[in-house]
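**Q** I have a structure here, written as structure tokens, and I will follow up with some questions on it.
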Amino acid sequence: MAVATARKSANGKPTHPGPKHNIDAVREEYYERIAKRNMTPLWKVMNSIVTKEPKTRCQPVVWHYDDVKSLVMESGGLITTEEAKRRVLILENPALHGESKATNTLFAGIQMILPGEVAPAHRHVSAAIRFVLDGEGAYTAVEGEKAFMSPGDLVITANWAPHDHGNPSKKPMLWLDVLDFPAVNFFETSFAESFAAPTQDTTRKDGDSLSFYGSGVLPDGTPAMNRSPVINYTYARTRPIVERMMQAGDIDRRHGARVRYANPVTGGPVLPTMGAWLAMLPKGFKGEPYRATDGTIFVCVEGEGTTEVDGEVLEWGHNDVFVVPPWKRYRHSAPKESVLFSISDRPAQKALGIWREGK
Ligand SMILES: [Fe+2]
């Protein structure tokens with residue numbers, strides 16, 4: 001009696017599949033009926049949502065700086081920074097058209113600020129890393145410090161930190177902006193606000209944060225935070241370190257002589273959502289293959305070379321930006337001594353326990 005009851009639905013109709021030749025039609029009718037109740041069978045989608053290996057929509061892609069610079073410069077005649085708020089051309093992964101993403105979790109764009117311009121103060125939950133490509137003497141004001149920037153500098157803007165940019169120099173400045181807002185928007189946690197005054201007061205001198213926190217000593221009582229207190233990791237300080245590592249033979253066979261930009265208080269990443277690295281590849285470097293689950297944005301800071309990604313060869317030279325998608329096997333080659341900067345969401349993946357690497 002109990003079995004007979006279990007085979008009947010609430011309206012008394014039998015729910016067993018019926019004759020075998022009719023099973024597909026019965027199942028379809030069932031799927032349509034449960035869809036009206038906002039339900040769907042896991043067994044139809046199991047293989048696509050629990051994949052054996054990472055599946056990415058992201059493609060390998062390179063943006064050559066000659067093209068990028070001339071197009072960004074052209075935008076200077078089309079719109080002012082005051083109108084645009086931020087004059088940025090988005091580097092959009094061709095497989096993610098219309099989504100403002102370089103990888104599934106990272107935004108990348110090239111920002112330009114012309115002499116005399118100010119990009120007004122605002123703040124947002126998305127954190128940013130700036131990597132300077134061109135120009136000299138524009139600044140990012142953040143965390144009370146007006147950090148003047150030079151090519152190769154890495155400037156961080158943490159979650160909810162008010163920031164503005166200005167260019168008192170006589171030359172345009174261009175930099176790569178990388179923000180975590182695709183990840184922030186995945187969690188649907190974006191907040192942002194502008195300020196009435198276009199610039200903020202700064203109380204620290206340029207270089208204070210690097211001096212205070214990046215010199216092997218710390219202001220006594222410095223609390224541990226999940227983001228670095230250093231604002232500008234200058235190329236003038238970081239490049240000699242990778243050069244020394246290379247001369248000392250401390251060269252990773254996959255990555256070259258590489259440093260990780262670190263929070264000097266904790267040893268952790270510069271930001272909880274994004275990590276960055278700088279690597280020097282010796283002349284004639286032929287890297288061993290590597291892959292990891294964090295899709296990575298690279299910048300060629302010096303030199304030239306190629307990166308083979310899953311059989312596709314990306315050629316890069318000075319200030320070119322390129323993307324290696326998650327879990328795609330890649331290897332760098334450099335015919336001459338070269339420097340590569342890179343950035344990814346590895347800290348976020350590691351914090352969640354989902355990061356993996358392999359050959
Ligand atoms: Fe911003």
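All residue names refer to the structure tokens as shown: chains lettered A, B, ... in order, residues numbered from 1 in each chain, ligands numbered from 1 in order.
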Determine, using only C-alpha atoms and all ligand atoms, which residues of chain A have any atom at most 12 Å from an atom of ligand 1, and tabulate each with its shortest atom pair and distance in Å to one decimal place, rows ordered by chain and then rising number, as a Markdown table.

**A**
```
| residue | atom | partner | partner_atom_place_in_ligand_line | distance |
| --- | --- | --- | --- | --- |
| A:Lys85 | CA | ligand 1 | 1 (Fe) | 9.0 |
| A:Arg86 | CA | ligand 1 | 1 (Fe) | 7.8 |
| A:Arg87 | CA | ligand 1 | 1 (Fe) | 11.1 |
| A:Val88 | CA | ligand 1 | 1 (Fe) | 10.9 |
| A:Gly109 | CA | ligand 1 | 1 (Fe) | 11.8 |
| A:Gln111 | CA | ligand 1 | 1 (Fe) | 10.9 |
| A:Ala119 | CA | ligand 1 | 1 (Fe) | 9.0 |
| A:Pro120 | CA | ligand 1 | 1 (Fe) | 8.9 |
| A:Ala121 | CA | ligand 1 | 1 (Fe) | 7.8 |
| A:His122 | CA | ligand 1 | 1 (Fe) | 6.1 |
| A:Arg123 | CA | ligand 1 | 1 (Fe) | 5.8 |
| A:His124 | CA | ligand 1 | 1 (Fe) | 6.6 |
| A:Val125 | CA | ligand 1 | 1 (Fe) | 9.4 |
| A:Ser126 | CA | ligand 1 | 1 (Fe) | 8.1 |
| A:Ala127 | CA | ligand 1 | 1 (Fe) | 8.2 |
| A:Ala128 | CA | ligand 1 | 1 (Fe) | 7.4 |
| A:Ile129 | CA | ligand 1 | 1 (Fe) | 10.2 |
| A:Arg130 | CA | ligand 1 | 1 (Fe) | 10.5 |
| A:Thr140 | CA | ligand 1 | 1 (Fe) | 10.3 |
| A:Ala141 | CA | ligand 1 | 1 (Fe) | 11.1 |
| A:Val142 | CA | ligand 1 | 1 (Fe) | 10.4 |
| A:Ile156 | CA | ligand 1 | 1 (Fe) | 10.9 |
| A:Thr157 | CA | ligand 1 | 1 (Fe) | 8.0 |
| A:Ala158 | CA | ligand 1 | 1 (Fe) | 9.9 |
| A:Asn159 | CA | ligand 1 | 1 (Fe) | 9.9 |
| A:Trp160 | CA | ligand 1 | 1 (Fe) | 9.3 |
| A:Ala161 | CA | ligand 1 | 1 (Fe) | 8.9 |
| A:Pro162 | CA | ligand 1 | 1 (Fe) | 8.0 |
| A:His163 | CA | ligand 1 | 1 (Fe) | 6.5 |
| A:Asp164 | CA | ligand 1 | 1 (Fe) | 7.5 |
| A:His165 | CA | ligand 1 | 1 (Fe) | 9.2 |
| A:Asp177 | CA | ligand 1 | 1 (Fe) | 9.3 |
| A:Val178 | CA | ligand 1 | 1 (Fe) | 10.5 |
| A:Leu179 | CA | ligand 1 | 1 (Fe) | 8.9 |
| A:Asp180 | CA | ligand 1 | 1 (Fe) | 11.4 |
| A:Phe181 | CA | ligand 1 | 1 (Fe) | 10.7 |
| A:Phe191 | CA | ligand 1 | 1 (Fe) | 11.5 |
| A:Ala192 | CA | ligand 1 | 1 (Fe) | 8.8 |
| A:Glu193 | CA | ligand 1 | 1 (Fe) | 9.6 |
| A:Ser194 | CA | ligand 1 | 1 (Fe) | 9.4 |
| A:Phe195 | CA | ligand 1 | 1 (Fe) | 11.8 |
```

**Q** Determine which residues of segment 126-241 of chain A receive a DSSP assignment of strand (DSSP E), computed from the backbone, and state them as a ChimeraX atom specification.

**A** /A:128-134,139-142,145-148,154-157,163-166,173-179,192-194,232-233

**Q** Residues as selected, N, CA and C atoms, written as a compact mmCIF listing (two decimals), in the first residue's frame, can you do that?

**A**
```
# COMPACT_ATOMS: atom_id res chain seq x y z
N ALA A 128 42.41 48.42 -6.38
CA ALA A 128 43.12 48.63 -7.65
C ALA A 128 44.62 48.51 -7.47
N ILE A 129 45.24 48.03 -8.54
CA ILE A 129 46.69 48.11 -8.66
C ILE A 129 46.98 48.91 -9.92
N ARG A 130 47.83 49.92 -9.80
CA ARG A 130 48.28 50.68 -10.98
C ARG A 130 49.70 50.23 -11.29
N PHE A 131 49.97 50.03 -12.56
CA PHE A 131 51.35 49.73 -12.96
C PHE A 131 51.72 50.73 -14.05
N VAL A 132 52.70 51.57 -13.75
CA VAL A 132 52.97 52.74 -14.59
C VAL A 132 53.74 52.34 -15.84
N LEU A 133 53.24 52.84 -16.99
CA LEU A 133 53.84 52.49 -18.28
C LEU A 133 54.65 53.64 -18.87
N ASP A 134 54.17 54.86 -18.74
CA ASP A 134 54.71 55.96 -19.53
C ASP A 134 54.54 57.26 -18.77
N TYR A 139 50.68 61.89 -10.14
CA TYR A 139 50.58 61.30 -8.80
C TYR A 139 49.25 60.59 -8.60
N THR A 140 49.27 59.68 -7.66
CA THR A 140 48.04 59.13 -7.07
C THR A 140 48.04 59.55 -5.61
N ALA A 141 46.99 60.23 -5.19
CA ALA A 141 46.87 60.59 -3.78
C ALA A 141 45.96 59.56 -3.11
N VAL A 142 46.51 58.88 -2.11
CA VAL A 142 45.75 57.82 -1.44
C VAL A 142 46.34 57.60 -0.04
N GLU A 145 48.84 60.06 1.32
CA GLU A 145 50.14 60.27 0.66
C GLU A 145 49.92 60.61 -0.81
N LYS A 146 50.66 61.58 -1.28
CA LYS A 146 50.63 61.90 -2.70
C LYS A 146 51.82 61.20 -3.31
N ALA A 147 51.55 60.06 -3.95
CA ALA A 147 52.63 59.22 -4.47
C ALA A 147 52.92 59.60 -5.92
N PHE A 148 54.08 60.19 -6.15
CA PHE A 148 54.47 60.53 -7.51
C PHE A 148 55.00 59.26 -8.20
N LEU A 154 54.51 50.26 -8.92
CA LEU A 154 53.23 49.61 -8.61
C LEU A 154 52.59 50.40 -7.47
N VAL A 155 51.42 50.93 -7.72
CA VAL A 155 50.72 51.75 -6.71
C VAL A 155 49.43 51.03 -6.35
N ILE A 156 49.20 50.87 -5.05
CA ILE A 156 47.97 50.17 -4.66
C ILE A 156 46.93 51.14 -4.11
N THR A 157 45.69 50.83 -4.41
CA THR A 157 44.55 51.55 -3.87
C THR A 157 43.63 50.49 -3.27
N HIS A 163 40.80 58.09 -3.37
CA HIS A 163 41.97 58.30 -4.23
C HIS A 163 41.64 59.27 -5.34
N ASP A 164 42.65 60.07 -5.69
CA ASP A 164 42.54 60.95 -6.86
C ASP A 164 43.90 60.96 -7.54
N HIS A 165 43.87 61.36 -8.81
CA HIS A 165 45.11 61.39 -9.58
C HIS A 165 45.27 62.80 -10.16
N GLY A 166 46.49 63.23 -10.31
CA GLY A 166 46.75 64.52 -10.94
C GLY A 166 48.06 64.47 -11.69
N MET A 173 50.75 60.93 -18.74
CA MET A 173 51.13 59.70 -18.06
C MET A 173 50.11 58.62 -18.36
N LEU A 174 50.61 57.43 -18.67
CA LEU A 174 49.74 56.27 -18.92
C LEU A 174 50.11 55.16 -17.96
N TRP A 175 49.09 54.51 -17.44
CA TRP A 175 49.35 53.35 -16.60
C TRP A 175 48.29 52.29 -16.81
N LEU A 176 48.67 51.07 -16.40
CA LEU A 176 47.72 49.95 -16.42
C LEU A 176 46.97 49.95 -15.10
N ASP A 177 45.65 50.00 -15.18
CA ASP A 177 44.79 49.82 -14.01
C ASP A 177 44.32 48.36 -13.99
N VAL A 178 44.49 47.69 -12.88
CA VAL A 178 43.86 46.38 -12.72
C VAL A 178 43.01 46.43 -11.47
N LEU A 179 41.74 46.12 -11.62
CA LEU A 179 40.80 46.15 -10.48
C LEU A 179 40.11 44.80 -10.34
N ALA A 192 30.27 52.52 -4.08
CA ALA A 192 31.18 53.55 -4.57
C ALA A 192 30.60 54.90 -4.21
N GLU A 193 31.49 55.88 -4.04
CA GLU A 193 31.00 57.24 -3.83
C GLU A 193 32.05 58.25 -4.28
N SER A 194 31.55 59.43 -4.69
CA SER A 194 32.43 60.54 -5.08
C SER A 194 32.45 61.55 -3.95
N ASN A 232 53.36 52.90 -2.76
CA ASN A 232 54.08 52.82 -4.04
C ASN A 232 55.30 51.93 -3.90
N TYR A 233 55.26 50.80 -4.58
CA TYR A 233 56.43 49.93 -4.68
C TYR A 233 57.19 50.38 -5.93
```

**Q** What lies within 9 Å of Glu315 of chain A using only C-alpha atoms, ignoring chain neighbours under 4 positions off, as a ChimeraX atom specification?

**A** /A:62,64,304-308,320

**Q** Any chance you could export the current selection's all heavy atoms as a PDB file, in the first residue's frame?

**A**
```pdb
ATOM      1  N   VAL A  62      47.024  39.438 -26.528  1.00  0.00           N
ATOM      2  CA  VAL A  62      48.066  40.428 -26.275  1.00  0.00           C
ATOM      3  C   VAL A  62      47.623  41.766 -26.847  1.00  0.00           C
ATOM      4  O   VAL A  62      46.997  41.819 -27.915  1.00  0.00           O
ATOM      5  CB  VAL A  62      49.436  39.961 -26.848  1.00  0.00           C
ATOM      6  CG1 VAL A  62      49.372  39.681 -28.337  1.00  0.00           C
ATOM      7  CG2 VAL A  62      50.540  40.971 -26.530  1.00  0.00           C
ATOM      8  N   HIS A  64      49.406  45.189 -28.014  1.00  0.00           N
ATOM      9  CA  HIS A  64      50.721  45.780 -28.278  1.00  0.00           C
ATOM     10  C   HIS A  64      50.684  47.274 -27.976  1.00  0.00           C
ATOM     11  O   HIS A  64      49.766  47.980 -28.395  1.00  0.00           O
ATOM     12  CB  HIS A  64      51.144  45.501 -29.722  1.00  0.00           C
ATOM     13  CG  HIS A  64      51.366  44.039 -29.968  1.00  0.00           C
ATOM     14  ND1 HIS A  64      52.433  43.359 -29.412  1.00  0.00           N
ATOM     15  CD2 HIS A  64      50.658  43.117 -30.669  1.00  0.00           C
ATOM     16  CE1 HIS A  64      52.362  42.080 -29.773  1.00  0.00           C
ATOM     17  NE2 HIS A  64      51.296  41.909 -30.529  1.00  0.00           N
ATOM     18  N   GLU A 304      62.083  41.733 -24.690  1.00  0.00           N
ATOM     19  CA  GLU A 304      61.087  41.179 -25.613  1.00  0.00           C
ATOM     20  C   GLU A 304      61.154  39.663 -25.532  1.00  0.00           C
ATOM     21  O   GLU A 304      62.153  39.090 -25.089  1.00  0.00           O
ATOM     22  CB  GLU A 304      61.371  41.638 -27.054  1.00  0.00           C
ATOM     23  CG  GLU A 304      62.716  41.168 -27.575  1.00  0.00           C
ATOM     24  CD  GLU A 304      63.033  41.709 -28.966  1.00  0.00           C
ATOM     25  OE1 GLU A 304      62.739  42.886 -29.213  1.00  0.00           O
ATOM     26  OE2 GLU A 304      63.581  40.939 -29.766  1.00  0.00           O
ATOM     27  N   GLY A 305      60.083  39.029 -25.983  1.00  0.00           N
ATOM     28  CA  GLY A 305      60.074  37.575 -25.938  1.00  0.00           C
ATOM     29  C   GLY A 305      58.739  37.032 -26.409  1.00  0.00           C
ATOM     30  O   GLY A 305      57.955  37.746 -27.063  1.00  0.00           O
ATOM     31  N   THR A 306      58.532  35.770 -26.087  1.00  0.00           N
ATOM     32  CA  THR A 306      57.274  35.123 -26.461  1.00  0.00           C
ATOM     33  C   THR A 306      56.776  34.294 -25.278  1.00  0.00           C
ATOM     34  O   THR A 306      57.562  33.847 -24.442  1.00  0.00           O
ATOM     35  CB  THR A 306      57.450  34.168 -27.668  1.00  0.00           C
ATOM     36  OG1 THR A 306      58.433  33.189 -27.340  1.00  0.00           O
ATOM     37  CG2 THR A 306      57.866  34.920 -28.917  1.00  0.00           C
ATOM     38  N   THR A 307      55.482  34.111 -25.245  1.00  0.00           N
ATOM     39  CA  THR A 307      54.882  33.187 -24.283  1.00  0.00           C
ATOM     40  C   THR A 307      53.966  32.254 -25.069  1.00  0.00           C
ATOM     41  O   THR A 307      53.043  32.717 -25.749  1.00  0.00           O
ATOM     42  CB  THR A 307      54.108  33.944 -23.188  1.00  0.00           C
ATOM     43  OG1 THR A 307      55.028  34.778 -22.467  1.00  0.00           O
ATOM     44  CG2 THR A 307      53.431  32.986 -22.228  1.00  0.00           C
ATOM     45  N   GLU A 308      54.302  30.970 -24.997  1.00  0.00           N
ATOM     46  CA  GLU A 308      53.467  29.972 -25.676  1.00  0.00           C
ATOM     47  C   GLU A 308      52.380  29.535 -24.705  1.00  0.00           C
ATOM     48  O   GLU A 308      52.675  29.093 -23.591  1.00  0.00           O
ATOM     49  CB  GLU A 308      54.337  28.784 -26.092  1.00  0.00           C
ATOM     50  CG  GLU A 308      53.604  27.758 -26.914  1.00  0.00           C
ATOM     51  CD  GLU A 308      54.471  26.531 -27.169  1.00  0.00           C
ATOM     52  OE1 GLU A 308      55.698  26.689 -27.353  1.00  0.00           O
ATOM     53  OE2 GLU A 308      53.900  25.428 -27.149  1.00  0.00           O
ATOM     54  N   ASP A 320      53.900  45.925 -23.689  1.00  0.00           N
ATOM     55  CA  ASP A 320      52.779  45.090 -24.154  1.00  0.00           C
ATOM     56  C   ASP A 320      52.137  44.395 -22.947  1.00  0.00           C
ATOM     57  O   ASP A 320      52.819  44.043 -21.976  1.00  0.00           O
ATOM     58  CB  ASP A 320      53.256  44.025 -25.151  1.00  0.00           C
ATOM     59  CG  ASP A 320      53.716  44.633 -26.466  1.00  0.00           C
ATOM     60  OD1 ASP A 320      53.531  45.854 -26.667  1.00  0.00           O
ATOM     61  OD2 ASP A 320      54.275  43.883 -27.288  1.00  0.00           O
TER      62      ASP A 320
END
```

**Q** Skipping near chain neighbours, those fewer than 6 positions away, what residues fall within 6 Å of segment 341-347 of chain A using only C-alpha atoms, listed as a VMD selection string?

**A** chain A and resid 272 to 278 294 296 to 299

**Q** I need the chosen residues saved as an mmCIF file, in the first residue's frame, with N, CA and C atoms.

**A**
```cif
data_model
loop_
_atom_site.group_PDB
_atom_site.id
_atom_site.type_symbol
_atom_site.label_atom_id
_atom_site.label_comp_id
_atom_site.auth_asym_id
_atom_site.auth_seq_id
_atom_site.Cartn_x
_atom_site.Cartn_y
_atom_site.Cartn_z
ATOM 1 N N PRO A 272 44.132 41.634 -0.475
ATOM 2 C CA PRO A 272 43.569 40.297 -0.249
ATOM 3 C C PRO A 272 43.016 39.643 -1.509
ATOM 4 N N THR A 273 42.718 40.481 -2.513
ATOM 5 C CA THR A 273 42.089 39.929 -3.725
ATOM 6 C C THR A 273 43.048 39.777 -4.896
ATOM 7 N N MET A 274 44.169 40.515 -4.858
ATOM 8 C CA MET A 274 45.086 40.484 -6.010
ATOM 9 C C MET A 274 46.530 40.419 -5.535
ATOM 10 N N GLY A 275 47.325 39.653 -6.267
ATOM 11 C CA GLY A 275 48.756 39.564 -5.985
ATOM 12 C C GLY A 275 49.542 39.981 -7.213
ATOM 13 N N ALA A 276 50.799 40.391 -6.997
ATOM 14 C CA ALA A 276 51.620 40.855 -8.116
ATOM 15 C C ALA A 276 53.056 40.365 -7.949
ATOM 16 N N TRP A 277 53.731 40.243 -9.080
ATOM 17 C CA TRP A 277 55.085 39.707 -9.130
ATOM 18 C C TRP A 277 55.907 40.511 -10.137
ATOM 19 N N LEU A 278 57.228 40.499 -9.948
ATOM 20 C CA LEU A 278 58.142 41.063 -10.931
ATOM 21 C C LEU A 278 59.239 40.040 -11.169
ATOM 22 N N ASP A 294 44.937 30.539 -11.466
ATOM 23 C CA ASP A 294 44.697 31.986 -11.532
ATOM 24 C C ASP A 294 45.066 32.522 -12.912
ATOM 25 N N THR A 296 46.195 35.168 -15.461
ATOM 26 C CA THR A 296 47.225 36.152 -15.127
ATOM 27 C C THR A 296 47.390 37.195 -16.224
ATOM 28 N N ILE A 297 47.532 38.455 -15.783
ATOM 29 C CA ILE A 297 47.804 39.568 -16.700
ATOM 30 C C ILE A 297 49.286 39.905 -16.571
ATOM 31 N N PHE A 298 49.992 39.889 -17.701
ATOM 32 C CA PHE A 298 51.424 40.196 -17.714
ATOM 33 C C PHE A 298 51.662 41.538 -18.403
ATOM 34 N N VAL A 299 52.732 42.214 -17.991
ATOM 35 C CA VAL A 299 53.227 43.392 -18.701
ATOM 36 C C VAL A 299 54.711 43.168 -18.956
#
```

**Q** Need to verify the contact set: segment 92-98 of chain A, 6 Å, only C-alpha atoms, exclusion of same-chain residues closer than 4 positions in sequence. Can you return it as a list in words?

**A**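 Once the adjacent positions are removed, what remains is Cys58, Gln59 and Ala102 of chain A.
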
**Q** Those residues you just picked out, can you put them in a file as a JSON list (two decimals), in the first residue's frame with N, CA and C atoms?

**A**
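Result written to result-v6.json:
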```json
[["chain", "number", "residue", "atom", "x", "y", "z"],
["A", 58, "CYS", "N", 37.91, 32.53, -20.95],
["A", 58, "CYS", "CA", 38.94, 33.52, -21.23],
["A", 58, "CYS", "C", 39.92, 33.01, -22.30],
["A", 59, "GLN", "N", 40.37, 33.91, -23.15],
["A", 59, "GLN", "CA", 41.32, 33.53, -24.23],
["A", 59, "GLN", "C", 42.68, 34.17, -23.99],
["A", 102, "ALA", "N", 39.31, 41.48, -18.37],
["A", 102, "ALA", "CA", 40.48, 40.90, -19.02],
["A", 102, "ALA", "C", 40.54, 39.40, -18.74]]
```

**Q** Return as a PyMOL selection string the full set of residues in segment 28-256 of chain A whose backbone-based DSSP assignment is alpha helix (DSSP H).

**A** chain A and resi 28-35+42-49+65-75+81-84+181-186+208-213+235-247

**Q** Quick one: contact table of segment 302-352 of chain A to segment 238-250 of chain A, 12 Å max, nearest atom pair and distance in Å to one decimal per residue, counting only C-alpha atoms, chain and number order, as a tab-separated table?

**A**
```
residue	atom	partner	partner_atom	distance
A:Glu302	CA	A:Arg239	CA	10.6
A:Glu337	CA	A:Glu243	CA	10.2
A:Ser338	CA	A:Glu243	CA	10.5
A:Val339	CA	A:Arg239	CA	8.7
A:Leu340	CA	A:Arg239	CA	10.6
A:Phe341	CA	A:Arg239	CA	10.6
```

**Q** Please determine, counting only C-alpha atoms, which residue among A:Ile110, A:Val309, A:Ala25, A:Ile90 has the shortest atom-to-atom distance to Val323 of chain A.

**A**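 Smallest distance to Val323 of chain A is found for A:Val309.
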